[in-house]
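A.B. asks: Next up, start18.txt (compact mmCIF, C-alpha atoms).
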```txt
# COMPACT_ATOMS: atom_id res chain seq x y z
CA MET F 1 109.81 188.43 16.75
CA LYS F 2 113.39 188.63 17.91
CA THR F 3 114.07 187.82 21.57
CA TYR F 4 117.22 189.06 23.28
CA LYS F 5 118.59 187.55 26.45
CA ILE F 6 119.61 190.32 28.85
CA ALA F 7 121.49 189.76 32.10
CA SER F 8 120.47 192.36 34.69
CA ILE F 9 122.93 193.04 37.50
CA PRO F 10 121.57 195.94 39.60
CA GLY F 11 124.41 195.68 42.11
CA ASP F 12 124.50 198.19 44.95
CA GLY F 13 122.97 201.42 46.15
CA ILE F 14 121.13 203.45 43.54
CA GLY F 15 122.15 200.84 40.97
CA VAL F 16 119.10 198.86 42.04
CA GLU F 17 116.84 201.89 41.56
CA VAL F 18 118.13 203.01 38.16
CA ILE F 19 118.28 199.52 36.68
CA ASP F 20 114.66 198.98 37.72
CA ALA F 21 113.79 202.24 35.99
CA GLY F 22 115.79 201.25 32.94
CA LEU F 23 114.02 197.90 32.63
CA HIS F 24 110.63 199.64 32.73
CA VAL F 25 111.73 201.92 29.90
CA LEU F 26 113.07 199.00 27.87
CA GLU F 27 109.76 197.18 28.34
CA ALA F 28 107.90 200.22 27.04
CA LEU F 29 110.16 200.38 23.99
CA ALA F 30 109.66 196.69 23.23
CA GLU F 31 105.89 197.11 23.51
CA ARG F 32 105.93 200.27 21.38
CA ASP F 33 107.96 198.83 18.52
CA GLY F 34 106.57 195.31 18.70
CA GLY F 35 109.43 193.79 16.74
CA PHE F 36 111.45 192.48 19.64
CA LYS F 37 111.22 191.45 23.24
CA LEU F 38 113.67 191.13 26.09
CA ASP F 39 114.15 188.01 28.17
CA VAL F 40 115.69 189.45 31.34
CA THR F 41 117.45 187.35 33.96
CA SER F 42 118.38 189.15 37.18
CA PHE F 43 121.51 188.34 39.18
CA ASP F 44 121.76 189.33 42.85
CA TRP F 45 125.50 189.90 42.69
CA GLY F 46 126.88 192.71 44.81
CA SER F 47 127.78 193.83 48.30
CA ASP F 48 124.83 192.16 50.03
CA ARG F 49 125.93 188.84 48.58
CA TYR F 50 129.49 189.54 49.75
CA LYS F 51 128.25 190.05 53.31
CA ARG F 52 126.31 186.77 53.16
CA GLU F 53 128.73 184.54 51.29
CA GLY F 54 132.12 186.27 51.16
CA THR F 55 132.11 186.87 47.39
CA LEU F 56 130.31 189.42 45.24
CA MET F 57 129.64 186.91 42.47
CA PRO F 58 130.29 183.18 41.91
CA ALA F 59 133.78 182.16 40.88
CA ASP F 60 132.47 181.07 37.48
CA GLY F 61 130.01 183.96 37.21
CA ALA F 62 131.51 185.44 34.06
CA GLU F 63 130.99 182.11 32.30
CA ASP F 64 127.34 182.18 33.32
CA LEU F 65 127.00 185.42 31.34
CA ARG F 66 128.43 184.20 28.04
CA ASP F 67 125.13 183.06 26.57
CA PHE F 68 123.47 186.44 27.01
CA ASP F 69 123.16 189.05 24.27
CA ALA F 70 124.05 191.90 26.63
CA ILE F 71 124.54 192.78 30.29
CA PHE F 72 122.72 195.66 32.00
CA PHE F 73 124.73 196.72 35.05
CA GLY F 74 123.87 199.18 37.80
CA ALA F 75 126.71 199.95 40.19
CA VAL F 76 129.03 198.35 42.71
CA GLY F 77 130.34 199.65 46.00
CA ALA F 78 129.26 199.96 49.62
CA PRO F 79 130.54 202.27 52.36
CA ASP F 80 131.37 199.38 54.69
CA ILE F 81 133.39 197.33 52.17
CA PRO F 82 136.74 198.55 50.78
CA ASP F 83 136.31 199.83 47.23
CA HIS F 84 139.08 197.69 45.79
CA LEU F 85 137.25 194.56 46.95
CA THR F 86 133.96 195.54 45.32
CA LEU F 87 135.49 196.80 42.06
CA TRP F 88 137.72 193.79 41.51
CA GLY F 89 135.14 191.41 42.90
CA LEU F 90 132.37 192.33 40.48
CA ARG F 91 132.79 194.86 37.68
CA LEU F 92 136.37 194.01 36.70
CA ASN F 93 135.62 190.35 37.38
CA ILE F 94 133.16 190.59 34.49
CA CYS F 95 134.94 192.97 32.11
CA GLN F 96 138.26 191.17 32.02
CA PRO F 97 137.16 187.53 31.55
CA LEU F 98 134.67 188.61 28.87
CA ASP F 99 137.38 190.71 27.16
CA GLN F 100 135.32 193.89 27.12
CA TYR F 101 138.38 195.86 26.13
CA ALA F 102 136.77 199.01 24.73
CA ASN F 103 135.04 201.18 27.30
CA VAL F 104 133.09 203.79 25.34
CA ARG F 105 131.79 206.92 27.07
CA PRO F 106 129.87 209.45 24.97
CA THR F 107 129.64 212.94 26.44
CA ARG F 108 127.53 215.81 25.16
CA ILE F 109 125.43 218.58 26.58
CA LEU F 110 121.83 217.43 26.44
CA PRO F 111 118.97 219.86 25.76
CA GLY F 112 117.97 221.76 28.89
CA ILE F 113 121.29 221.15 30.64
CA LYS F 114 123.95 223.81 31.03
CA SER F 115 127.67 223.22 31.16
CA PRO F 116 129.56 224.85 34.05
CA LEU F 117 131.85 226.23 31.34
CA ALA F 118 130.69 229.74 30.48
CA GLY F 119 129.39 230.06 26.94
CA VAL F 120 129.93 226.41 26.02
CA THR F 121 127.01 224.82 24.18
CA ALA F 122 126.13 221.44 22.72
CA LYS F 123 127.92 222.24 19.46
CA ASP F 124 131.14 222.85 21.41
CA LEU F 125 131.06 219.72 23.58
CA ASP F 126 130.14 216.50 21.79
CA TRP F 127 132.78 213.87 22.54
CA VAL F 128 133.27 210.15 22.74
CA ILE F 129 135.99 208.87 25.05
CA VAL F 130 137.41 205.42 24.33
CA ARG F 131 139.06 203.88 27.37
CA GLU F 132 141.31 200.85 27.13
CA ASN F 133 139.46 198.54 29.49
CA SER F 134 141.46 195.36 29.95
CA GLU F 135 145.04 196.14 30.93
CA GLY F 136 147.18 199.22 31.56
CA GLU F 137 147.14 200.62 35.07
CA TYR F 138 144.28 198.28 36.05
CA ALA F 139 145.95 195.07 34.90
CA GLY F 140 145.94 193.77 38.47
CA GLN F 141 149.68 193.10 38.59
CA GLY F 142 151.48 193.98 41.80
CA GLY F 143 151.53 193.20 45.48
CA ARG F 144 152.59 194.14 48.98
CA SER F 145 155.38 192.82 51.14
CA HIS F 146 156.72 193.42 54.66
CA ARG F 147 153.26 194.50 55.78
CA GLY F 148 153.27 196.74 58.83
CA GLN F 149 157.02 197.19 58.76
CA PRO F 150 158.78 200.53 58.20
CA HIS F 151 160.08 199.18 54.90
CA GLU F 152 156.67 197.92 53.74
CA MET F 153 156.44 197.97 49.96
CA ALA F 154 153.49 198.10 47.57
CA THR F 155 153.58 197.91 43.78
CA ASP F 156 150.98 198.34 41.06
CA LEU F 157 152.39 197.45 37.67
CA ALA F 158 150.92 199.05 34.56
CA VAL F 159 150.94 196.48 31.76
CA PHE F 160 150.72 197.54 28.12
CA THR F 161 150.78 194.93 25.38
CA ARG F 162 151.14 195.59 21.68
CA VAL F 163 147.98 193.62 20.90
CA GLY F 164 146.04 195.44 23.64
CA VAL F 165 147.07 198.89 22.47
CA GLN F 166 146.66 198.08 18.78
CA ARG F 167 143.11 196.81 19.12
CA VAL F 168 141.80 199.69 21.21
CA MET F 169 143.62 202.20 19.00
CA ARG F 170 142.14 200.65 15.88
CA TYR F 171 138.70 200.70 17.46
CA ALA F 172 139.13 204.40 18.31
CA PHE F 173 140.22 205.28 14.78
CA GLU F 174 137.27 203.38 13.32
CA LEU F 175 134.90 205.19 15.68
CA ALA F 176 136.42 208.55 14.77
CA ARG F 177 136.01 207.70 11.08
CA SER F 178 132.30 207.03 11.65
CA ARG F 179 131.70 210.46 13.19
CA PRO F 180 131.20 213.62 11.09
CA ARG F 181 134.42 215.39 12.13
CA LYS F 182 136.69 212.34 11.67
CA LEU F 183 138.93 213.67 14.42
CA LEU F 184 140.84 211.66 17.05
CA THR F 185 142.96 212.79 19.99
CA VAL F 186 145.36 210.27 21.55
CA VAL F 187 146.13 210.91 25.23
CA THR F 188 149.30 209.60 26.89
CA LYS F 189 152.01 210.65 29.37
CA SER F 190 155.00 209.71 27.27
CA ASN F 191 157.27 212.45 28.55
CA ALA F 192 157.43 210.81 31.99
CA GLN F 193 156.41 207.19 31.34
CA ARG F 194 159.05 206.40 28.79
CA TYR F 195 158.21 202.79 27.99
CA GLY F 196 154.51 201.97 27.96
CA MET F 197 153.38 205.44 26.95
CA VAL F 198 156.03 205.79 24.27
CA MET F 199 154.78 202.49 22.85
CA TRP F 200 151.25 203.98 22.85
CA ASP F 201 152.52 206.91 20.80
CA GLU F 202 154.33 204.65 18.35
CA ILE F 203 151.37 202.33 17.86
CA ALA F 204 149.04 205.31 17.40
CA ALA F 205 151.22 206.51 14.52
CA GLU F 206 151.30 203.02 13.00
CA VAL F 207 147.53 202.57 13.16
CA ALA F 208 146.94 206.12 11.89
CA ALA F 209 148.54 205.12 8.60
CA GLU F 210 145.56 202.80 8.04
CA PHE F 211 143.13 205.72 8.41
CA PRO F 212 144.33 208.53 6.13
CA ASP F 213 140.88 210.12 6.25
CA VAL F 214 141.04 210.60 10.03
CA THR F 215 142.79 213.67 11.41
CA TRP F 216 144.58 212.89 14.65
CA ASP F 217 146.81 214.48 17.22
CA LYS F 218 148.32 213.47 20.55
CA ILE F 219 148.53 215.26 23.86
CA LEU F 220 149.81 214.65 27.38
CA VAL F 221 147.11 213.83 29.91
CA ASP F 222 147.81 216.87 32.11
CA ALA F 223 147.58 219.21 29.13
CA MET F 224 144.39 217.40 28.12
CA THR F 225 142.57 218.59 31.25
CA VAL F 226 143.36 222.17 30.23
CA ARG F 227 142.23 221.59 26.65
CA MET F 228 138.96 220.00 27.77
CA THR F 229 138.07 223.03 29.85
CA MET F 230 139.54 225.80 27.69
CA LYS F 231 139.01 224.49 24.15
CA PRO F 232 136.30 221.84 24.26
CA GLU F 233 135.38 222.53 20.64
CA SER F 234 138.82 221.24 19.54
CA LEU F 235 137.94 217.68 20.62
CA ASP F 236 135.74 214.94 19.23
CA THR F 237 136.87 211.32 19.67
CA ILE F 238 139.42 210.63 22.40
CA VAL F 239 141.40 207.51 23.27
CA ALA F 240 143.42 206.95 26.42
CA THR F 241 144.64 204.32 28.86
CA ASN F 242 142.52 202.66 31.51
CA LEU F 243 143.48 205.10 34.26
CA HIS F 244 143.73 208.28 32.21
CA ALA F 245 140.39 207.79 30.47
CA ASP F 246 138.75 206.83 33.77
CA ILE F 247 139.67 210.23 35.19
CA LEU F 248 139.10 212.26 32.03
CA SER F 249 135.62 210.79 31.46
CA ASP F 250 134.48 211.90 34.91
CA LEU F 251 135.76 215.39 34.13
CA ALA F 252 133.94 215.22 30.80
CA ALA F 253 130.68 214.27 32.52
CA ALA F 254 131.00 217.21 34.91
CA LEU F 255 131.71 219.60 32.05
CA ALA F 256 128.58 218.33 30.29
CA GLY F 257 126.47 219.16 33.33
CA SER F 258 126.23 216.09 35.55
CA ILE F 259 127.68 212.65 36.05
CA GLY F 260 124.05 211.58 36.50
CA VAL F 261 123.53 211.61 32.73
CA ALA F 262 126.79 209.89 31.72
CA PRO F 263 126.55 206.40 30.13
CA THR F 264 129.08 203.66 29.46
CA ALA F 265 129.45 200.69 27.17
CA ASN F 266 132.01 198.00 27.99
CA LEU F 267 132.38 196.49 24.56
CA ASN F 268 133.74 193.29 23.17
CA PRO F 269 133.87 194.63 19.59
CA GLU F 270 134.44 191.21 18.05
CA ARG F 271 131.29 189.95 19.86
CA THR F 272 132.99 186.79 21.09
CA SER F 273 131.29 187.51 24.43
CA PRO F 274 128.48 189.83 25.56
CA SER F 275 129.09 193.51 26.18
CA MET F 276 128.02 195.33 29.33
CA PHE F 277 126.20 198.68 29.63
CA GLU F 278 126.12 200.84 32.74
CA PRO F 279 125.82 204.38 34.10
CA ILE F 280 129.13 205.71 35.39
CA HIS F 281 127.81 207.47 38.51
CA GLY F 282 128.42 204.65 40.98
CA SER F 283 126.33 203.37 43.86
CA ALA F 284 125.85 206.77 45.58
CA PHE F 285 124.80 205.47 48.99
CA ASP F 286 124.29 209.06 50.18
CA ILE F 287 121.08 209.23 48.15
CA THR F 288 120.10 205.55 48.11
CA GLY F 289 116.45 205.01 48.97
CA LYS F 290 115.53 208.67 48.60
CA GLY F 291 114.04 208.21 45.14
CA ILE F 292 116.03 211.07 43.62
CA ALA F 293 118.71 209.21 41.63
CA ASN F 294 119.00 210.48 38.08
CA PRO F 295 118.06 207.57 35.78
CA VAL F 296 119.10 209.32 32.56
CA ALA F 297 122.60 207.82 32.48
CA THR F 298 120.98 204.39 32.71
CA PHE F 299 118.50 205.23 29.94
CA TRP F 300 121.34 206.45 27.72
CA SER F 301 123.27 203.25 28.51
CA ALA F 302 120.14 201.29 27.58
CA SER F 303 120.03 203.12 24.25
CA MET F 304 123.64 202.12 23.61
CA MET F 305 122.73 198.54 24.48
CA LEU F 306 119.82 198.53 22.03
CA ASP F 307 122.03 199.92 19.31
CA HIS F 308 124.65 197.25 20.02
CA ILE F 309 122.20 194.36 19.73
CA GLY F 310 120.81 195.77 16.48
CA GLU F 311 117.61 197.52 17.60
CA THR F 312 118.68 200.88 16.18
CA VAL F 313 115.17 202.30 15.80
CA ALA F 314 114.37 201.69 19.46
CA ALA F 315 117.78 203.09 20.44
CA GLU F 316 117.13 206.32 18.53
CA ARG F 317 113.61 206.54 19.92
CA LEU F 318 114.93 206.34 23.46
CA MET F 319 117.56 209.03 22.85
CA LYS F 320 114.93 211.33 21.38
CA ALA F 321 112.73 210.77 24.43
CA ILE F 322 115.67 211.59 26.71
CA GLU F 323 116.28 214.84 24.84
CA VAL F 324 112.59 215.80 25.01
CA ILE F 325 112.39 215.22 28.76
CA MET F 326 115.73 216.82 29.61
CA ALA F 327 114.67 219.96 27.75
CA ASN F 328 111.98 220.40 30.41
CA PRO F 329 113.44 221.54 33.77
CA ASP F 330 110.42 220.06 35.55
CA PHE F 331 112.06 216.68 35.00
CA HIS F 332 115.50 217.58 36.32
CA THR F 333 116.61 215.61 39.36
CA PRO F 334 118.56 217.32 42.20
CA ASP F 335 121.96 216.71 40.58
CA LEU F 336 120.74 218.99 37.79
CA GLY F 337 119.34 221.57 40.20
CA GLY F 338 115.75 220.31 40.00
CA THR F 339 113.32 218.52 42.29
CA ALA F 340 112.11 215.64 40.10
CA THR F 341 112.19 212.08 41.39
CA THR F 342 113.48 208.97 39.69
CA ASP F 343 109.93 207.72 39.19
CA GLN F 344 108.75 211.02 37.70
CA VAL F 345 111.55 211.07 35.14
CA THR F 346 110.95 207.43 34.28
CA ALA F 347 107.21 207.93 33.83
CA ALA F 348 107.82 210.99 31.67
CA ILE F 349 110.24 209.11 29.41
CA ILE F 350 107.75 206.26 29.02
CA ASP F 351 104.95 208.71 28.17
CA VAL F 352 107.07 210.24 25.41
CA ILE F 353 108.00 206.81 24.06
CA ARG F 354 104.37 205.78 23.86
CA ALA F 355 103.11 209.09 22.49
CA ARG F 356 105.53 209.70 19.61
CA ASN F 357 104.15 209.07 16.13
CA ASP F 358 107.43 208.55 14.25
```
Kindly return the structure encoded in the file as structure tokens.
C.D. replies:
Amino acid sequence: MKTYKIASIPGDGIGVEVIDAGLHVLEALAERDGGFKLDVTSFDWGSDRYKREGTLMPADGAEDLRDFDAIFFGAVGAPDIPDHLTLWGLRLNICQPLDQYANVRPTRILPGIKSPLAGVTAKDLDWVIVRENSEGEYAGQGGRSHRGQPHEMATDLAVFTRVGVQRVMRYAFELARSRPRKLLTVVTKSNAQRYGMVMWDEIAAEVAAEFPDVTWDKILVDAMTVRMTMKPESLDTIVATNLHADILSDLAAALAGSIGVAPTANLNPERTSPSMFEPIHGSAFDITGKGIANPVATFWSASMMLDHIGETVAAERLMKAIEVIMANPDFHTPDLGGTATTDQVTAAIIDVIRARND
């Protein structure tokens, strides 16, 4: 029996609740299939640790994660700690040292969920957004000077490297090739950002030559928001910079019905370090402790994690269970207009996993 070492980092807010739910579901899958088990180690990194010790995670925390097969992450952020401290102190402090440069965010309308776009169905909106996850606008380069003075200055430098753009572009083309439509849209802002974004366009054209079977086009990020809402059926696989894809993927989640069902994989495609899987909804302190957080994004992220480590049967089984449960409005949480609780959705998913005969 194969044993996988999983690092669990619940983090903050509802992250603790949904990761707990996700681990219960993963346990049920391991028991159901019998061919693997998960050795889970939990890390108490997050805002509570910051308040106790002044750091969200140990200085060498990323190194402590290298021996794991995957990382299961909840959320980071607290209302009484500035967001830039929590983001850079935990999530980015893991993603960047472990070179998780491809952030992959699938988006589709699940059974039983309606898009806010009139007449748009699951066949019209089935996308995967690839976000460059290691540099760009979130490279961390910049600073502030003359603080408090009238001439105070702040800079954030977007950094684009040829190797960084090439590798995420190649990953996106390979992903597009693996999907039925073999269609890729490259998003930039090269009319206004005439250096980094123009390089993106040039490298996209260079890499495209390696994938003659993939149809591709490029579009400016502002025009992309219009296309996503007006012509969702024209899109399939999408690649964009760290900032642009961050924004577009939240829009995509809303167009698919709820950010509460949106998953993420922070991938190191070469597998030189573990990849990290998380829901994108954040810590949501406004509903923390109420038992109504939607765990579906976490379950979908768990399915992506299982697929990544090679347990494809269990991954598919979990996605099928998600689709079965989401088709029933009795198991919709408040973000979907329902009244179901986190525990009710979790129990229902587990029941389906245990009951299926395939």
A.B. asks: Which residue is closest to Ala347 in chain F? Choose from F:Ile325, F:Val40, F:Ile219, F:Leu56 and count all atoms listed in the file.
C.D. replies: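 Among the listed residues, the smallest separation from Ala347 in chain F belongs to F:Ile325.
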A.B. asks: May I ask for the distance between CA of Arg177 in chain F and CA of Glu311 in chain F, given in Å to one decimal place?
C.D. replies: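 CA of Glu311 in chain F lies at a distance of 22.0 Å from CA of Arg177 in chain F.
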A.B. asks: Considering all atoms listed in the file, state which residue in the set F:Ala78, F:Leu306, F:Ala314, F:Val163 is at the smallest distance from Gly282 in chain F.
C.D. replies: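 For Gly282 in chain F, the nearest of the candidates is F:Ala78.
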A.B. asks: Hey, which of F:Ile349, F:Leu26, F:Thr107, F:Asp48 ends up closest to Asp124 in chain F? Count all atoms listed in the file.
C.D. replies: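 Among the listed residues, the smallest separation from Asp124 in chain F belongs to F:Thr107.
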A.B. asks: Skip Asp99 in chain F itself and residues of its chain fewer than 5 positions away, then list as a ChimeraX atom specification all residues within 10 Å of it, counting all atoms listed in the file.
C.D. replies: /F:94,133-134,266-275
A.B. asks: Write out as CSV a residue-level contact list of range 65-158 of chain F versus range 172-175 of chain F with cut-off 10 Å: for each qualifying residue the closest pair of atoms and the distance in Å to one decimal, counting all atoms listed in the file, rows sorted by chain and residue number upward.
C.D. replies:
```
residue,atom,partner,partner_atom,distance
F:Ala102,CA,F:Ala172,CA,8.7
F:Val104,CA,F:Ala172,CA,9.3
F:Val128,CA,F:Leu175,CA,8.8
F:Ile129,CA,F:Ala172,CA,8.7
F:Val130,CA,F:Ala172,CA,6.3
F:Arg131,CA,F:Ala172,CA,9.1
F:Glu132,CA,F:Ala172,CA,9.8
```
A.B. asks: Go ahead and compute the interatomic distance for CA of Pro111 in chain F and CA of Ala327 in chain F, in Å to one decimal.
C.D. replies: 4.7 Å
A.B. asks: For Asp222 in chain F, which residue out of F:Val18, F:Ala209, F:Leu336, F:Ala245 is the nearest one, using all atoms listed in the file?
C.D. replies: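 Of all the options, F:Ala245 lies closest to Asp222 in chain F.
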A.B. asks: Tell me which protein, DNA and RNA residues are within 10 Å of range 87-91 of chain F, counting all atoms listed in the file, leaving out same-chain ones fewer than 4 positions away, and put them as a list of chain:residue names.
C.D. replies: F:Ile9, F:Gly11, F:Trp45, F:Gly46, F:Ser47, F:Tyr50, F:Thr55, F:Leu56, F:Met57, F:Pro58, F:Ala59, F:Gly61, F:Ala62, F:Phe73, F:Gly74, F:Ala75, F:Val76, F:Gly77, F:Pro82, F:Asp83, F:Cys95, F:Gln96, F:Tyr138, F:Gly140, F:Met276
A.B. asks: Please provide the set of residues having any atom within 12 Å of Gly119 in chain F, restricted to only C-alpha atoms, with same-chain residues fewer than 5 positions apart removed, written as number ranges by chain.
C.D. replies: F: 114, 124-125, 229-233, 255
A.B. asks: To one decimal place, how far is CA of Met228 in chain F from CA of Ala262 in chain F in Å?
C.D. replies: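 Interatomic distance here is 16.3 Å.
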A.B. asks: Identify which of the residues F:Gly289, F:Gly257, F:Gly22, F:Gly310 lies closest to Ile113 in chain F, counting all atoms listed in the file when measuring atom-to-atom distances.
C.D. replies: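 Smallest distance to Ile113 in chain F is found for F:Gly257.
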A.B. asks: From the set F:Leu235, F:Ile292, F:Val214, F:Leu184, which residue has the shortest atom-to-atom contact distance to Gly337 in chain F, counting all atoms listed in the file?
C.D. replies: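 For Gly337 in chain F, the nearest of the given residues is F:Ile292.
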A.B. asks: Wanna dump the range 211-280 of chain F-range 191-206 of chain F contacts at 9 Å for me, each residue with its shortest atom pair and the distance in Å to one decimal, counting all atoms listed in the file, ordered by chain and number, as a tab-separated table?
C.D. replies:
```
residue	atom	partner	partner_atom	distance
F:Lys218	CA	F:Asp201	CA	7.8
F:Leu220	CA	F:Asn191	CA	7.9
F:Thr241	CA	F:Trp200	CA	8.9
```
A.B. asks: Could you tell me, as a list in words, which residues have any atom at most 7 Å from (122.0, 189.2, 39.9), counting all atoms listed in the file?
C.D. replies: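 The distance filter leaves exactly Ser8, Ile9, Pro10, Ser42, Phe43, Asp44 and Trp45 of chain F.
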A.B. asks: Extract, using only C-alpha atoms, all DNA, RNA and protein residues at most 10 Å from Leu23 in chain F, discarding same-chain residues fewer than 3 positions from it, and format them as a list of chain:residue names.
C.D. replies: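 Result of the neighbour search: F:Ser8, F:Val18, F:Ile19, F:Asp20, F:Leu26, F:Glu27, F:Ala28, F:Leu29, F:Leu38, F:Val40, F:Phe72, F:Thr298, F:Phe299, F:Ala302.
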A.B. asks: Please return, as a VMD selection string, all polymer residues that have at least one atom within 6 Å of the point (128.5, 202.1, 27.2); use only C-alpha atoms and the file's own coordinate frame.
C.D. replies: chain F and resid 104 to 105 263 to 266 277 301
